[in-house]
$ cat run27.cif   # mmCIF, C-alpha atoms
data_upload
#
loop_
_atom_site.label_atom_id
_atom_site.label_comp_id
_atom_site.auth_asym_id
_atom_site.auth_seq_id
_atom_site.Cartn_x
_atom_site.Cartn_y
_atom_site.Cartn_z
CA GLU F 28 -2.71 12.42 -16.64
CA ASN F 29 -4.29 15.46 -15.03
CA ASP F 30 -7.77 14.66 -16.35
CA PRO F 31 -9.95 14.08 -13.28
CA GLN F 32 -12.39 11.91 -15.22
CA ILE F 33 -11.30 8.29 -15.46
CA PRO F 34 -13.25 6.68 -18.32
CA GLY F 35 -15.00 3.34 -17.92
CA LEU F 36 -15.79 3.51 -14.20
CA PRO F 37 -18.71 1.27 -13.15
CA ALA F 38 -22.15 2.84 -12.71
CA GLY F 39 -22.22 5.24 -9.78
CA VAL F 40 -18.43 5.33 -9.40
CA SER F 41 -16.84 8.68 -10.18
CA VAL F 42 -13.70 10.65 -9.49
CA ASP F 43 -14.26 13.47 -7.03
CA ARG F 44 -10.78 14.99 -7.48
CA ILE F 45 -7.13 14.23 -8.11
CA GLU F 46 -4.27 15.77 -6.11
CA TRP F 47 -0.62 15.43 -7.11
CA ILE F 48 1.57 15.14 -4.00
CA THR F 49 4.83 14.69 -5.92
CA SER F 50 5.52 13.81 -9.56
CA ARG F 51 5.44 10.12 -8.56
CA ARG F 52 2.73 10.16 -5.88
CA VAL F 53 -0.87 11.03 -6.58
CA ALA F 54 -4.06 10.97 -4.46
CA VAL F 55 -7.30 10.04 -6.24
CA PHE F 56 -10.60 10.61 -4.42
CA ILE F 57 -13.29 8.19 -5.59
CA ASN F 58 -17.05 8.40 -5.09
CA SER F 59 -18.19 4.85 -4.39
CA PRO F 60 -21.83 3.69 -4.57
CA SER F 61 -21.08 0.91 -2.06
CA MET F 62 -19.66 3.37 0.53
CA PRO F 63 -21.30 6.69 -0.34
CA GLN F 64 -20.60 8.59 2.89
CA GLU F 65 -17.64 10.53 1.45
CA PRO F 66 -15.07 10.16 -1.32
CA ILE F 67 -12.51 7.41 -0.63
CA GLN F 68 -8.91 8.45 -1.00
CA VAL F 69 -6.55 6.10 -2.82
CA GLN F 70 -2.90 7.13 -3.12
CA ILE F 71 -0.72 5.75 -5.90
CA LEU F 72 3.06 5.58 -6.09
CA LEU F 73 3.74 5.54 -9.82
CA ALA F 74 6.23 3.16 -11.44
CA ARG F 75 9.79 4.34 -12.14
CA ASP F 76 9.24 4.75 -15.92
CA TRP F 77 5.61 5.87 -15.70
CA HIS F 78 6.30 9.37 -17.06
CA SER F 79 9.24 8.56 -19.33
CA ASN F 80 7.75 5.58 -21.18
CA PRO F 81 4.22 6.41 -22.34
CA SER F 82 3.54 3.00 -23.90
CA ALA F 83 4.77 0.85 -21.00
CA LYS F 84 2.42 -1.06 -18.71
CA PHE F 85 3.20 -2.03 -15.12
CA PRO F 86 2.28 -4.55 -12.43
CA GLU F 87 0.91 -3.25 -9.16
CA VAL F 88 1.14 -3.90 -5.45
CA TRP F 89 -1.92 -3.06 -3.35
CA ALA F 90 -0.69 -2.24 0.19
CA LEU F 91 -3.39 -2.30 2.88
CA ASP F 92 -3.18 -0.49 6.21
CA GLY F 93 -3.61 -1.91 9.72
CA LEU F 94 -6.01 -1.69 12.64
CA ARG F 95 -5.23 1.98 13.34
CA ALA F 96 -5.62 3.14 9.72
CA ARG F 97 -6.00 6.91 9.52
CA ASP F 98 -8.30 8.86 7.21
CA ASP F 99 -5.64 11.20 5.81
CA GLU F 100 -2.82 8.87 4.75
CA ASN F 101 -1.97 5.16 4.59
CA GLY F 102 0.29 3.86 7.38
CA TRP F 103 2.79 2.53 4.84
CA THR F 104 3.69 6.07 3.74
CA ILE F 105 3.63 7.41 7.32
CA GLU F 106 5.63 4.70 9.08
CA THR F 107 7.88 3.13 6.41
CA ASN F 108 10.25 3.80 3.55
CA ILE F 109 7.83 2.37 0.97
CA GLU F 110 8.26 5.37 -1.36
CA GLN F 111 12.04 5.02 -1.37
CA PHE F 112 11.86 1.22 -1.61
CA TYR F 113 9.76 1.30 -4.77
CA ALA F 114 11.45 4.37 -6.29
CA ASP F 115 13.69 2.25 -8.54
CA LYS F 116 11.05 -0.37 -9.40
CA ASN F 117 8.67 -0.49 -12.35
CA VAL F 118 5.63 -1.18 -10.20
CA ASN F 119 2.61 0.97 -9.34
CA VAL F 120 1.83 0.84 -5.61
CA ILE F 121 -1.82 1.41 -4.66
CA LEU F 122 -2.48 2.60 -1.10
CA PRO F 123 -6.13 2.78 0.01
CA VAL F 124 -6.62 5.32 2.80
CA GLY F 125 -8.97 4.61 5.74
CA GLY F 126 -10.44 1.30 6.84
CA GLU F 127 -9.69 1.43 10.56
CA SER F 128 -10.72 -1.83 12.30
CA SER F 129 -12.62 -2.90 9.16
CA PHE F 130 -10.63 -5.94 7.90
CA TYR F 131 -11.21 -4.35 4.45
CA SER F 132 -14.29 -6.54 4.30
CA ASP F 133 -17.91 -6.26 3.17
CA TRP F 134 -19.82 -5.88 6.44
CA GLN F 135 -23.18 -7.47 7.22
CA ARG F 136 -24.50 -4.50 9.18
CA GLU F 137 -23.78 -0.82 9.66
CA ASN F 138 -21.34 0.57 12.21
CA ASN F 139 -22.29 4.04 13.51
CA GLY F 140 -24.20 4.82 10.33
CA LYS F 141 -21.39 3.62 8.05
CA HIS F 142 -21.78 0.51 5.96
CA TYR F 143 -18.34 -0.81 5.08
CA MET F 144 -18.09 -2.48 1.67
CA TRP F 145 -14.34 -2.43 1.32
CA GLU F 146 -14.01 -5.69 -0.59
CA THR F 147 -16.55 -4.58 -3.21
CA PHE F 148 -14.73 -1.26 -3.57
CA LEU F 149 -11.22 -2.76 -3.77
CA THR F 150 -12.00 -5.70 -6.07
CA LYS F 151 -15.06 -4.68 -8.15
CA GLU F 152 -15.47 -0.91 -8.34
CA LEU F 153 -11.92 0.38 -8.43
CA PRO F 154 -9.47 -1.91 -10.23
CA GLY F 155 -10.38 -2.13 -13.93
CA PRO F 156 -10.73 1.51 -14.91
CA LEU F 157 -8.09 2.69 -12.44
CA GLU F 158 -5.63 0.16 -13.82
CA ASP F 159 -6.31 1.28 -17.39
CA HIS F 160 -5.64 4.84 -16.30
CA ILE F 161 -2.40 4.09 -14.46
CA LYS F 162 -1.22 1.71 -17.20
CA GLY F 163 -1.63 -1.57 -15.34
CA ASN F 164 -0.55 -4.77 -17.11
CA GLY F 165 -2.99 -7.07 -15.30
CA LYS F 166 -0.45 -8.44 -12.82
CA ARG F 167 -1.37 -7.73 -9.20
CA GLY F 168 0.01 -8.37 -5.75
CA ILE F 169 -1.63 -7.53 -2.43
CA ALA F 170 0.08 -7.11 0.93
CA GLY F 171 -1.02 -6.25 4.43
CA MET F 172 0.24 -6.24 8.00
CA SER F 173 -1.49 -7.31 11.19
CA MET F 174 -5.26 -6.92 10.57
CA SER F 175 -4.82 -6.48 6.82
CA ALA F 176 -2.48 -9.48 6.52
CA THR F 177 -5.65 -11.50 7.15
CA SER F 178 -7.52 -9.29 4.65
CA SER F 179 -4.91 -9.87 1.94
CA LEU F 180 -5.34 -13.64 2.22
CA LEU F 181 -9.15 -13.33 2.23
CA LEU F 182 -9.34 -10.96 -0.75
CA ALA F 183 -7.17 -13.41 -2.71
CA GLU F 184 -9.37 -16.35 -1.70
CA HIS F 185 -12.62 -14.56 -2.48
CA ASN F 186 -11.32 -13.44 -5.89
CA GLN F 187 -9.32 -16.43 -7.08
CA GLY F 188 -6.75 -15.57 -9.72
CA PHE F 189 -7.22 -11.82 -9.24
CA TYR F 190 -3.91 -11.44 -7.37
CA ASP F 191 -0.73 -13.16 -8.54
CA ALA F 192 0.98 -12.74 -5.16
CA VAL F 193 -0.01 -12.19 -1.53
CA GLY F 194 2.12 -10.83 1.30
CA SER F 195 0.77 -11.67 4.77
CA TYR F 196 2.93 -9.85 7.33
CA ALA F 197 2.23 -10.89 10.93
CA GLY F 198 -1.44 -11.73 10.54
CA CYS F 199 -3.68 -14.59 11.61
CA ALA F 200 -5.34 -16.59 8.83
CA ALA F 201 -7.88 -18.17 11.19
CA THR F 202 -10.90 -16.08 12.24
CA ALA F 203 -13.72 -18.59 12.85
CA TYR F 204 -12.03 -20.73 15.53
CA PRO F 205 -12.88 -19.78 19.15
CA VAL F 206 -9.55 -18.26 20.28
CA GLU F 207 -8.79 -16.57 16.96
CA HIS F 208 -12.32 -15.17 16.79
CA LYS F 209 -11.65 -13.40 20.09
CA ALA F 210 -8.74 -11.60 18.42
CA VAL F 211 -11.08 -10.52 15.60
CA GLU F 212 -13.53 -9.23 18.24
CA LEU F 213 -10.80 -7.17 19.91
CA THR F 214 -9.68 -5.68 16.58
CA VAL F 215 -13.20 -4.66 15.57
CA ASN F 216 -14.01 -3.44 19.11
CA ARG F 217 -11.13 -0.95 18.79
CA GLY F 218 -13.21 0.75 16.09
CA GLY F 219 -16.35 0.76 18.24
CA ALA F 220 -18.09 -2.16 16.52
CA THR F 221 -18.63 -5.90 17.00
CA ALA F 222 -17.48 -8.88 14.94
CA GLU F 223 -21.15 -9.76 14.53
CA GLN F 224 -21.81 -6.48 12.71
CA MET F 225 -19.01 -7.41 10.35
CA TRP F 226 -19.43 -11.15 9.66
CA GLY F 227 -22.56 -12.19 11.53
CA PRO F 228 -22.65 -14.62 14.47
CA PHE F 229 -19.67 -16.72 15.45
CA GLY F 230 -19.66 -19.92 13.36
CA SER F 231 -22.09 -18.50 10.77
CA PRO F 232 -21.52 -19.18 7.04
CA THR F 233 -20.21 -15.63 6.53
CA ASN F 234 -17.86 -15.97 9.50
CA ARG F 235 -16.52 -19.23 8.06
CA TYR F 236 -16.27 -17.74 4.55
CA ASN F 237 -13.99 -15.09 6.07
CA ASP F 238 -11.62 -17.61 7.62
CA ALA F 239 -8.53 -17.89 5.41
CA MET F 240 -7.41 -21.10 7.17
CA MET F 241 -10.68 -22.92 6.45
CA ASN F 242 -10.59 -21.76 2.82
CA HIS F 243 -6.85 -22.30 2.26
CA GLU F 244 -7.45 -24.41 -0.88
CA LYS F 245 -8.43 -21.22 -2.74
CA LEU F 246 -4.85 -19.93 -2.41
CA ARG F 247 -3.47 -22.73 -4.61
CA GLY F 248 -1.57 -21.27 -7.55
CA THR F 249 -0.96 -17.91 -5.87
CA GLU F 250 2.59 -16.90 -4.85
CA LEU F 251 2.56 -16.51 -1.05
CA TYR F 252 4.89 -14.75 1.38
CA ILE F 253 3.93 -15.32 5.02
CA SER F 254 5.83 -13.91 7.99
CA SER F 255 5.77 -13.71 11.77
CA GLY F 256 8.07 -12.66 14.59
CA SER F 257 8.37 -14.76 17.74
CA GLY F 258 7.19 -12.14 20.23
CA LEU F 259 10.64 -11.91 21.83
CA ALA F 260 12.15 -8.42 21.72
CA GLY F 261 14.40 -7.76 18.75
CA LYS F 262 16.93 -4.95 18.63
CA GLU F 263 14.28 -2.64 17.05
CA ASP F 264 12.10 -3.14 20.14
CA THR F 265 14.69 -1.99 22.69
CA PHE F 266 15.10 1.25 24.63
CA SER F 267 18.62 1.82 23.21
CA TYR F 268 17.46 1.44 19.60
CA ARG F 269 14.68 3.98 20.06
CA VAL F 270 17.00 6.49 21.79
CA ALA F 271 19.52 6.05 18.94
CA LYS F 272 16.65 6.83 16.54
CA GLY F 273 16.19 10.18 18.29
CA ASN F 274 13.34 9.36 20.69
CA ASN F 275 13.21 11.31 23.94
CA PRO F 276 14.38 8.82 26.67
CA ALA F 277 11.05 8.94 28.54
CA VAL F 278 9.14 8.26 25.30
CA ALA F 279 11.66 5.57 24.35
CA ALA F 280 11.26 3.82 27.72
CA LEU F 281 7.47 3.82 27.49
CA GLY F 282 7.47 2.78 23.84
CA SER F 283 9.92 -0.10 24.26
CA ALA F 284 8.11 -1.38 27.37
CA GLN F 285 4.75 -1.35 25.58
CA LEU F 286 6.23 -3.06 22.53
CA GLN F 287 7.88 -5.77 24.58
CA VAL F 288 4.79 -6.50 26.69
CA GLU F 289 1.74 -5.83 24.49
CA GLY F 290 3.46 -6.14 21.10
CA GLY F 291 5.29 -9.25 22.27
CA ALA F 292 2.09 -10.94 23.41
CA ILE F 293 0.26 -10.15 20.16
CA GLU F 294 3.15 -11.41 18.04
CA ALA F 295 3.43 -14.62 20.07
CA GLY F 296 -0.25 -15.26 19.22
CA VAL F 297 0.40 -14.41 15.56
CA ASN F 298 3.34 -16.81 15.58
CA TYR F 299 1.19 -19.66 16.93
CA CYS F 300 -1.54 -18.93 14.37
CA THR F 301 0.92 -18.69 11.49
CA HIS F 302 2.59 -22.01 12.35
CA ASN F 303 -0.89 -23.61 12.31
CA PHE F 304 -1.52 -22.05 8.90
CA LYS F 305 1.80 -23.38 7.59
CA ALA F 306 0.86 -26.88 8.78
CA LYS F 307 -2.47 -26.59 6.95
CA LEU F 308 -0.84 -25.40 3.70
CA ASP F 309 1.92 -28.02 3.94
CA GLN F 310 -0.67 -30.76 4.42
CA ALA F 311 -2.50 -29.54 1.30
CA GLY F 312 0.73 -29.29 -0.69
CA ILE F 313 0.33 -25.52 -1.22
CA PRO F 314 3.79 -23.90 -1.36
CA ALA F 315 4.63 -20.58 0.28
CA THR F 316 7.72 -18.59 1.26
CA TYR F 317 7.81 -18.36 5.07
CA ASN F 318 9.78 -15.95 7.21
CA PHE F 319 9.61 -16.98 10.87
CA ARG F 320 11.89 -14.61 12.76
CA ASN F 321 13.55 -15.67 16.01
CA THR F 322 12.70 -12.28 17.55
CA GLY F 323 10.31 -9.42 16.83
CA THR F 324 7.21 -7.83 18.31
CA HIS F 325 4.07 -6.66 16.53
CA SER F 326 5.46 -3.42 15.08
CA TRP F 327 6.42 -1.48 11.98
CA PRO F 328 10.22 -2.11 11.88
CA HIS F 329 9.52 -5.78 11.19
CA TRP F 330 6.98 -4.97 8.45
CA ILE F 331 9.53 -2.65 6.83
CA ALA F 332 11.82 -5.71 6.71
CA ASP F 333 8.93 -7.69 5.17
CA LEU F 334 8.62 -5.11 2.40
CA LYS F 335 12.16 -5.97 1.31
CA ASP F 336 12.05 -9.69 2.13
CA SER F 337 8.80 -10.30 0.23
CA TRP F 338 9.86 -8.43 -2.92
CA PRO F 339 11.46 -11.50 -4.61
CA VAL F 340 8.12 -13.34 -4.25
CA PHE F 341 6.18 -10.47 -5.84
CA GLU F 342 8.82 -10.03 -8.55
CA ARG F 343 8.68 -13.75 -9.40
CA ALA F 344 4.87 -13.62 -9.68
CA PHE F 345 4.99 -10.51 -11.90
CA ASN F 346 7.50 -12.10 -14.28
CA LYS F 347 5.67 -15.40 -14.80
#

$ encode --input "run27.cif" --output "structure tokens"
Amino acid sequence: ENDPQIPGLPAGVSVDRIEWITSRRVAVFINSPSMPQEPIQVQILLARDWHSNPSAKFPEVWALDGLRARDDENGWTIETNIEQFYADKNVNVILPVGGESSFYSDWQRENNGKHYMWETFLTKELPGPLEDHIKGNGKRGIAGMSMSATSSLLLAEHNQGFYDAVGSYAGCAATAYPVEHKAVELTVNRGGATAEQMWGPFGSPTNRYNDAMMNHEKLRGTELYISSGSGLAGKEDTFSYRVAKGNNPAVAALGSAQLQVEGGAIEAGVNYCTHNFKAKLDQAGIPATYNFRNTGTHSWPHWIADLKDSWPVFERAFNK
């Protein structure tokens, strides 16, 4: 388990180094031919019986980060209780690090000298050999929030049958319709790039290929959990909640105001988009588990709830 060389990696893919953070959490740094700028860090939360049962094999949940993804750690381990949540479960959790404003997609053109090929890395270069090494049993789920909720749907559509379950937490499936494309533009702009660098011109074949609503038929047979808040402030979005959590009152006031205005507006858009997606899936007879909350802004407390609420869907898919 401490051997830095993972056998069977595709040509050009190699392990740069492995760092154990705890006995159940390990960081693997991978050299990728598709994104050769620097080693890509992938953190893994190992299944409950990983050490104690050498012959066991485990399903895995791939948890993608959001728009503001950092380069040192995945937002799920920074902002949520994901480690504690999975501590008693026999599931490996795979947490790619990085990917800010990238939609975890294969980009058409470079952005500031970087050519993002996240989909190739996550679905072609990494899984097979990594899964052998961490004792994967071939069952996979993928989940994301906000930006990466869209990515989770797209990666499942582009690689049919690869994931048994998808968790889309407060994302927008549509990307090639005029209003929704503006939201994609804003997301990519935050990282200093344009949507055209990523998926080519608006309405182009690549843009349409990366619209999960247009390609909904490819989700048939996959277990789906799809959530959205309403945009109205929930208790987690209030000044009093943040003060009770230990926030300085000035910070709490600013944070709750921003959540209720900006986060509320974003989530209201997500809610509209997600209801449209439900109508499309219903029309096609594609079942999904929906969680439309009466309140909730675009923020981590609600995605922490999704972690718990989506687990039965993932568990069902893993036990089929």

$ resolve_selection --input "run27.cif" --expression "the PyMOL selection byres ((chain F and resi 188-202) around 7)" --output "ChimeraX atom specification"
/F:166-174,176-177,179-180,183,186-187,203-204,207-208,211,237-240,249-255,297,300-301,304,330,333,337,341,344

$ closest_residue --input "run27.cif" --among "F:Gly248, F:Ser59, F:Trp103, F:Pro328" --to "F:Trp89" --atoms "only C-alpha atoms"
F:Trp103

$ closest_atom_pairs --input "run27.cif" --of "stretch 62-116 of chain F" --to "stretch 42-53 of chain F" --cutoff "6 Å" --atoms "all atoms listed in the file" --output "CSV"
residue,atom,partner,partner_atom,distance
F:Gln70,CA,F:Val53,CA,5.6
F:Ile71,CA,F:Val53,CA,5.3
F:Leu72,CA,F:Arg52,CA,4.6
F:Leu73,CA,F:Arg51,CA,5.0

$ resolve_selection --input "run27.cif" --expression "the PyMOL selection byres ((chain F and resi 213-226) around 8)" --output "list in words"
Leu94, Glu127, Ser128, Ser129, Ser132, Asp133, Trp134, Gln135, Arg136, Glu137, Asn138, Met174, Lys209, Ala210, Val211, Glu212, Gly227, Pro228, Phe229, Ser231, Thr233, Asn234 and Asn237 of chain F

$ atom_distance --input "run27.cif" --atom1 "atom CA of F:Ala271" --atom2 "atom CA of F:Ile105"
19.7 Å

$ atom_distance --input "run27.cif" --atom1 "atom CA of F:Pro60" --atom2 "atom CA of F:Ser178"
21.4 Å

$ atom_distance --input "run27.cif" --atom1 "atom CA of F:Pro154" --atom2 "atom CA of F:Asn58"
13.8 Å

$ residues_around --input "run27.cif" --residues "F:Asn80" --least-positions-apart "5" --cutoff "12 Å" --atoms "all atoms listed in the file" --output "list in words"
Ala74, Arg75, Phe85, Asn117 and Lys162 of chain F

$ closest_residue --input "run27.cif" --among "F:Pro123, F:Pro81, F:Pro156, F:Pro314" --to "F:Asp99" --atoms "all atoms listed in the file"
F:Pro123

$ resolve_selection --input "run27.cif" --expression "the PyMOL selection byres ((chain F and resi 100) around 10)" --output "list in words"
Ala54, Gln68, Val69, Gln70, Asp92, Ala96, Arg97, Asp98, Asp99, Asn101, Gly102, Trp103, Thr104, Ile105, Leu122, Pro123, Val124 and Gly125 of chain F

$ residues_around --input "run27.cif" --residues "F:Ile331" --least-positions-apart "4" --cutoff "10 Å" --atoms "only C-alpha atoms" --output "ChimeraX atom specification"
/F:103,106-109,112,196,326-327,335-336

$ residues_around --input "run27.cif" --residues "F:Ala311" --least-positions-apart "3" --cutoff "9 Å" --atoms "only C-alpha atoms" --output "number ranges by chain"
F: 243-244, 306-308, 314

$ build_atoms --input "run27.cif" --residues "stretch 92-103 of chain F" --atoms "all heavy atoms" --output "compact mmCIF listing (two decimals), keeping the file's coordinate frame"
# COMPACT_ATOMS: atom_id res chain seq x y z
N ASP F 92 -3.57 -1.03 4.92
CA ASP F 92 -3.18 -0.49 6.21
C ASP F 92 -3.65 -1.41 7.34
O ASP F 92 -4.38 -2.38 7.10
CB ASP F 92 -3.78 0.92 6.36
CG ASP F 92 -2.95 1.82 7.27
OD1 ASP F 92 -2.09 1.31 8.01
OD2 ASP F 92 -3.19 3.04 7.25
N GLY F 93 -3.29 -1.07 8.57
CA GLY F 93 -3.61 -1.91 9.72
C GLY F 93 -4.78 -1.41 10.53
O GLY F 93 -5.54 -0.52 10.12
N LEU F 94 -4.91 -1.98 11.70
CA LEU F 94 -6.01 -1.69 12.64
C LEU F 94 -6.22 -0.19 12.87
O LEU F 94 -7.35 0.29 12.92
CB LEU F 94 -5.69 -2.40 13.96
CG LEU F 94 -6.29 -1.90 15.27
CD1 LEU F 94 -7.77 -2.15 15.29
CD2 LEU F 94 -5.64 -2.58 16.46
N ARG F 95 -5.11 0.54 13.00
CA ARG F 95 -5.23 1.98 13.34
C ARG F 95 -5.20 2.87 12.10
O ARG F 95 -4.74 4.01 12.16
CB ARG F 95 -4.10 2.38 14.29
CG ARG F 95 -4.21 1.72 15.66
CD ARG F 95 -3.15 2.23 16.62
NE ARG F 95 -3.29 1.68 17.95
CZ ARG F 95 -2.79 0.51 18.33
NH1 ARG F 95 -2.12 -0.23 17.47
NH2 ARG F 95 -2.95 0.08 19.57
N ALA F 96 -5.65 2.37 10.98
CA ALA F 96 -5.62 3.14 9.72
C ALA F 96 -6.23 4.52 9.91
O ALA F 96 -7.29 4.67 10.52
CB ALA F 96 -6.39 2.38 8.64
N ARG F 97 -5.52 5.53 9.42
CA ARG F 97 -6.00 6.91 9.52
C ARG F 97 -6.78 7.29 8.27
O ARG F 97 -6.75 6.58 7.27
CB ARG F 97 -4.80 7.86 9.69
CG ARG F 97 -4.16 7.70 11.04
CD ARG F 97 -2.91 8.49 11.29
NE ARG F 97 -2.56 9.57 10.39
CZ ARG F 97 -1.44 10.28 10.50
NH1 ARG F 97 -0.59 10.01 11.48
NH2 ARG F 97 -1.15 11.24 9.65
N ASP F 98 -7.48 8.42 8.34
CA ASP F 98 -8.30 8.86 7.21
C ASP F 98 -7.58 9.83 6.28
O ASP F 98 -8.14 10.25 5.28
CB ASP F 98 -9.60 9.51 7.71
CG ASP F 98 -10.55 8.47 8.30
OD1 ASP F 98 -10.47 7.29 7.88
OD2 ASP F 98 -11.36 8.83 9.17
N ASP F 99 -6.33 10.22 6.64
CA ASP F 99 -5.64 11.20 5.81
C ASP F 99 -4.51 10.59 4.98
O ASP F 99 -4.13 11.13 3.94
CB ASP F 99 -5.07 12.35 6.68
CG ASP F 99 -4.12 11.84 7.76
OD1 ASP F 99 -4.15 10.64 8.08
OD2 ASP F 99 -3.33 12.65 8.28
N GLU F 100 -3.97 9.45 5.42
CA GLU F 100 -2.82 8.87 4.75
C GLU F 100 -2.68 7.42 5.18
O GLU F 100 -3.03 7.06 6.30
CB GLU F 100 -1.55 9.66 5.13
CG GLU F 100 -0.35 9.40 4.26
CD GLU F 100 0.85 10.26 4.67
OE1 GLU F 100 0.66 11.35 5.26
OE2 GLU F 100 1.98 9.82 4.40
N ASN F 101 -2.17 6.58 4.28
CA ASN F 101 -1.97 5.16 4.59
C ASN F 101 -0.73 4.99 5.48
O ASN F 101 0.28 5.66 5.28
CB ASN F 101 -1.79 4.42 3.25
CG ASN F 101 -1.68 2.92 3.40
OD1 ASN F 101 -0.77 2.41 4.03
ND2 ASN F 101 -2.59 2.20 2.77
N GLY F 102 -0.81 4.09 6.45
CA GLY F 102 0.29 3.86 7.38
C GLY F 102 1.61 3.53 6.71
O GLY F 102 2.68 3.83 7.23
N TRP F 103 1.55 2.90 5.53
CA TRP F 103 2.79 2.53 4.84
C TRP F 103 3.61 3.77 4.46
O TRP F 103 4.83 3.73 4.46
CB TRP F 103 2.49 1.69 3.60
CG TRP F 103 2.17 0.27 3.95
CD1 TRP F 103 0.93 -0.32 3.94
CD2 TRP F 103 3.08 -0.75 4.38
NE1 TRP F 103 1.01 -1.63 4.34
CE2 TRP F 103 2.32 -1.93 4.61
CE3 TRP F 103 4.46 -0.79 4.59
CZ2 TRP F 103 2.91 -3.12 5.05
CZ3 TRP F 103 5.05 -1.98 5.03
CH2 TRP F 103 4.27 -3.12 5.24
